[in-house]
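Encoded as structure tokens, the structure appears first; notes follow it.
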Amino acid sequence: MELKIDRGFKSYDVVDPDGTVAGTIRINLADLGLAGRWEAVLHELEQVDTTNITIADTLELDKRVKEKIDYALGSPVSGVLFGGLSCFSVCEDGKLVLEHILDALAPLMEDAQKSVAKAAEERIKQHTAAYEGSAAGLAPGQQA
């Protein structure tokens, strides 16, 4: 027996600049809870004090950041996104792998949130169109 439920997940191939597919992640970028969870992750990253940080601290912080990203996105994606690298690994352009991931995900999340808001608005219009201009649901004496 199976229970089929559409939870809004979509698959995204994670591709390196040379075209190598690193893996596929499944996430629901239109999840309304995502924005709040993501903000919490960004806030925690801003609070990180990198002065006098030890290698052990870096390893623990790397683990925490990946766990937070998995939590925010509602799916275990960090293994594919980071591919075994530390999130603090530096790329040729001087940016951290973490920065590249955040930069790649941000516009996708913004587009998905706008899309879901528009879809919800359209759905509400469909359900309320029959009452447009009527007195249905108004208190006695109120006018439409």
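Naming scheme: A, B, ... for chains in displayed order of the structure tokens; residues 1 onward per chain; ligands 1 onward as shown.
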Need to verify the contact set: Cys91 of chain A, 9 Å, only C-alpha atoms, exclusion of same-chain residues closer than 5 positions in sequence. Can you return it as a PDB file with all heavy atoms, in the first residue's frame?
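Once written, selection.pdb looks like this:
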```pdb
ATOM      1  N   LEU A  96      33.898  31.664  -0.587  1.00  0.00           N
ATOM      2  CA  LEU A  96      33.702  30.374   0.047  1.00  0.00           C
ATOM      3  C   LEU A  96      32.674  29.555  -0.725  1.00  0.00           C
ATOM      4  O   LEU A  96      31.764  30.116  -1.350  1.00  0.00           O
ATOM      5  CB  LEU A  96      33.197  30.554   1.483  1.00  0.00           C
ATOM      6  CG  LEU A  96      34.072  31.324   2.458  1.00  0.00           C
ATOM      7  CD1 LEU A  96      33.382  31.430   3.812  1.00  0.00           C
ATOM      8  CD2 LEU A  96      35.431  30.666   2.601  1.00  0.00           C
ATOM      9  N   VAL A  97      32.804  28.245  -0.657  1.00  0.00           N
ATOM     10  CA  VAL A  97      31.802  27.360  -1.255  1.00  0.00           C
ATOM     11  C   VAL A  97      30.429  27.727  -0.690  1.00  0.00           C
ATOM     12  O   VAL A  97      29.435  27.789  -1.416  1.00  0.00           O
ATOM     13  CB  VAL A  97      32.130  25.874  -0.982  1.00  0.00           C
ATOM     14  CG1 VAL A  97      30.981  24.970  -1.384  1.00  0.00           C
ATOM     15  CG2 VAL A  97      33.403  25.469  -1.701  1.00  0.00           C
ATOM     16  N   HIS A 100      28.886  30.604  -2.540  1.00  0.00           N
ATOM     17  CA  HIS A 100      28.369  30.213  -3.847  1.00  0.00           C
ATOM     18  C   HIS A 100      27.027  29.503  -3.712  1.00  0.00           C
ATOM     19  O   HIS A 100      26.116  29.712  -4.518  1.00  0.00           O
ATOM     20  CB  HIS A 100      29.370  29.315  -4.586  1.00  0.00           C
ATOM     21  CG  HIS A 100      30.501  30.070  -5.194  1.00  0.00           C
ATOM     22  ND1 HIS A 100      30.366  30.855  -6.315  1.00  0.00           N
ATOM     23  CD2 HIS A 100      31.807  30.174  -4.830  1.00  0.00           C
ATOM     24  CE1 HIS A 100      31.521  31.401  -6.627  1.00  0.00           C
ATOM     25  NE2 HIS A 100      32.421  31.004  -5.730  1.00  0.00           N
TER      26      HIS A 100
END
```
Compile a residue-level contact table for segment 92-113 of chain A against segment 40-54 of chain A at a cut-off of 12 Å, reporting for every qualifying residue the shortest atom pair and its distance in Å to one decimal, with only C-alpha atoms counted, rows ordered by chain and ascending number, as JSON lines.
```
{"residue": "A:Leu98", "atom": "CA", "partner": "A:Leu45", "partner_atom": "CA", "distance": 10.5}
{"residue": "A:Glu99", "atom": "CA", "partner": "A:Leu45", "partner_atom": "CA", "distance": 11.1}
{"residue": "A:Leu102", "atom": "CA", "partner": "A:Leu42", "partner_atom": "CA", "distance": 9.4}
{"residue": "A:Ala106", "atom": "CA", "partner": "A:Leu42", "partner_atom": "CA", "distance": 11.3}
```
Mind checking DSSP for chain A and telling me the strand (DSSP E or B) residues as a PyMOL selection string?
chain A and resi 10-15+21-27+90+96
Expected file contents, prior selection, N, CA, C and O atoms, as a PDB file, in the first residue's frame:
```pdb
ATOM      1  N   LYS A  10      10.657  19.524  -5.701  1.00  0.00           N
ATOM      2  CA  LYS A  10      11.189  19.514  -7.056  1.00  0.00           C
ATOM      3  C   LYS A  10      12.646  19.069  -6.983  1.00  0.00           C
ATOM      4  O   LYS A  10      13.317  19.288  -5.981  1.00  0.00           O
ATOM      5  N   SER A  11      13.102  18.458  -8.056  1.00  0.00           N
ATOM      6  CA  SER A  11      14.483  18.000  -8.121  1.00  0.00           C
ATOM      7  C   SER A  11      15.345  19.008  -8.875  1.00  0.00           C
ATOM      8  O   SER A  11      14.920  19.552  -9.900  1.00  0.00           O
ATOM      9  N   TYR A  12      16.521  19.245  -8.339  1.00  0.00           N
ATOM     10  CA  TYR A  12      17.473  20.172  -8.948  1.00  0.00           C
ATOM     11  C   TYR A  12      18.819  19.471  -9.056  1.00  0.00           C
ATOM     12  O   TYR A  12      19.345  18.978  -8.056  1.00  0.00           O
ATOM     13  N   ASP A  13      19.378  19.441 -10.257  1.00  0.00           N
ATOM     14  CA  ASP A  13      20.722  18.900 -10.432  1.00  0.00           C
ATOM     15  C   ASP A  13      21.718  19.964  -9.987  1.00  0.00           C
ATOM     16  O   ASP A  13      21.601  21.140 -10.352  1.00  0.00           O
ATOM     17  N   VAL A  14      22.683  19.561  -9.198  1.00  0.00           N
ATOM     18  CA  VAL A  14      23.760  20.451  -8.770  1.00  0.00           C
ATOM     19  C   VAL A  14      24.918  20.193  -9.724  1.00  0.00           C
ATOM     20  O   VAL A  14      25.417  19.070  -9.812  1.00  0.00           O
ATOM     21  N   VAL A  15      25.306  21.238 -10.459  1.00  0.00           N
ATOM     22  CA  VAL A  15      26.294  21.093 -11.523  1.00  0.00           C
ATOM     23  C   VAL A  15      27.505  21.985 -11.242  1.00  0.00           C
ATOM     24  O   VAL A  15      27.360  23.166 -10.935  1.00  0.00           O
ATOM     25  N   VAL A  21      27.864  16.848 -13.148  1.00  0.00           N
ATOM     26  CA  VAL A  21      26.724  16.782 -12.245  1.00  0.00           C
ATOM     27  C   VAL A  21      27.202  16.186 -10.919  1.00  0.00           C
ATOM     28  O   VAL A  21      27.667  15.053 -10.866  1.00  0.00           O
ATOM     29  N   ALA A  22      27.111  16.988  -9.865  1.00  0.00           N
ATOM     30  CA  ALA A  22      27.562  16.559  -8.539  1.00  0.00           C
ATOM     31  C   ALA A  22      26.504  15.716  -7.835  1.00  0.00           C
ATOM     32  O   ALA A  22      26.814  14.957  -6.934  1.00  0.00           O
ATOM     33  N   GLY A  23      25.269  15.864  -8.244  1.00  0.00           N
ATOM     34  CA  GLY A  23      24.172  15.122  -7.634  1.00  0.00           C
ATOM     35  C   GLY A  23      22.867  15.870  -7.821  1.00  0.00           C
ATOM     36  O   GLY A  23      22.811  16.909  -8.474  1.00  0.00           O
ATOM     37  N   THR A  24      21.832  15.332  -7.237  1.00  0.00           N
ATOM     38  CA  THR A  24      20.502  15.931  -7.337  1.00  0.00           C
ATOM     39  C   THR A  24      19.948  16.136  -5.935  1.00  0.00           C
ATOM     40  O   THR A  24      20.079  15.268  -5.081  1.00  0.00           O
ATOM     41  N   ILE A  25      19.363  17.301  -5.722  1.00  0.00           N
ATOM     42  CA  ILE A  25      18.695  17.564  -4.447  1.00  0.00           C
ATOM     43  C   ILE A  25      17.199  17.704  -4.703  1.00  0.00           C
ATOM     44  O   ILE A  25      16.778  18.066  -5.795  1.00  0.00           O
ATOM     45  N   ARG A  26      16.413  17.357  -3.683  1.00  0.00           N
ATOM     46  CA  ARG A  26      14.955  17.490  -3.763  1.00  0.00           C
ATOM     47  C   ARG A  26      14.516  18.418  -2.641  1.00  0.00           C
ATOM     48  O   ARG A  26      14.710  18.116  -1.469  1.00  0.00           O
ATOM     49  N   ILE A  27      13.945  19.555  -3.036  1.00  0.00           N
ATOM     50  CA  ILE A  27      13.505  20.539  -2.049  1.00  0.00           C
ATOM     51  C   ILE A  27      12.219  21.195  -2.519  1.00  0.00           C
ATOM     52  O   ILE A  27      11.890  21.162  -3.705  1.00  0.00           O
ATOM     53  N   VAL A  90      37.666  27.465   0.057  1.00  0.00           N
ATOM     54  CA  VAL A  90      37.775  28.664  -0.769  1.00  0.00           C
ATOM     55  C   VAL A  90      37.879  28.260  -2.234  1.00  0.00           C
ATOM     56  O   VAL A  90      38.618  27.345  -2.596  1.00  0.00           O
ATOM     57  N   LEU A  96      33.898  31.664  -0.587  1.00  0.00           N
ATOM     58  CA  LEU A  96      33.702  30.374   0.047  1.00  0.00           C
ATOM     59  C   LEU A  96      32.674  29.555  -0.725  1.00  0.00           C
ATOM     60  O   LEU A  96      31.764  30.116  -1.350  1.00  0.00           O
TER      61      LEU A  96
END
```
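Nearest-residue note for Arg37 of chain A: choosing from A:Gly74, A:Gly8, A:Gly19, A:Gly94, the minimum distance belongs to A:Gly74, counting only C-alpha atoms.
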Determine which residues of chain A DSSP labels as alpha helix (DSSP H) from the backbone of this structure, then write them out as a PyMOL selection string.
chain A and resi 34-46+55-73+78-82+97-128
Give me the residues within 12 Å of Asp70 of chain A as a ChimeraX atom specification, counting only C-alpha atoms and dropping any in the same chain fewer than 4 places off.
/A:25-27,34,37-38,41,63-66,74-82
Would you export the selected residues with C-alpha atoms as a compact mmCIF listing (two decimals), in the first residue's frame, please?
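Result went into out-v3.txt, see below:
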```txt
# COMPACT_ATOMS: atom_id res chain seq x y z
CA ILE A 25 18.70 17.56 -4.45
CA ARG A 26 14.96 17.49 -3.76
CA ILE A 27 13.51 20.54 -2.05
CA LEU A 34 11.43 28.10 4.42
CA ARG A 37 14.12 28.94 8.71
CA TRP A 38 16.49 30.41 6.13
CA VAL A 41 20.40 30.21 9.36
CA LYS A 63 28.94 20.45 10.75
CA ARG A 64 26.47 22.90 12.34
CA VAL A 65 26.18 25.02 9.19
CA LYS A 66 25.39 21.95 7.07
CA GLY A 74 13.63 20.62 4.86
CA SER A 75 15.74 17.96 3.19
CA PRO A 76 19.21 16.39 3.62
CA VAL A 77 20.91 18.32 0.81
CA SER A 78 24.26 19.36 2.29
CA GLY A 79 26.01 16.16 1.19
CA VAL A 80 25.28 16.97 -2.45
CA LEU A 81 25.69 20.74 -2.17
CA PHE A 82 29.10 20.56 -0.49
```
Taking 5 positions as the minimum chain separation for residues in the same chain, which residues sit within 12 Å of Leu32 of chain A when counting only C-alpha atoms? Answer as a PyMOL selection string.
chain A and resi 8+37-38+72-74+109-110+112-117+120
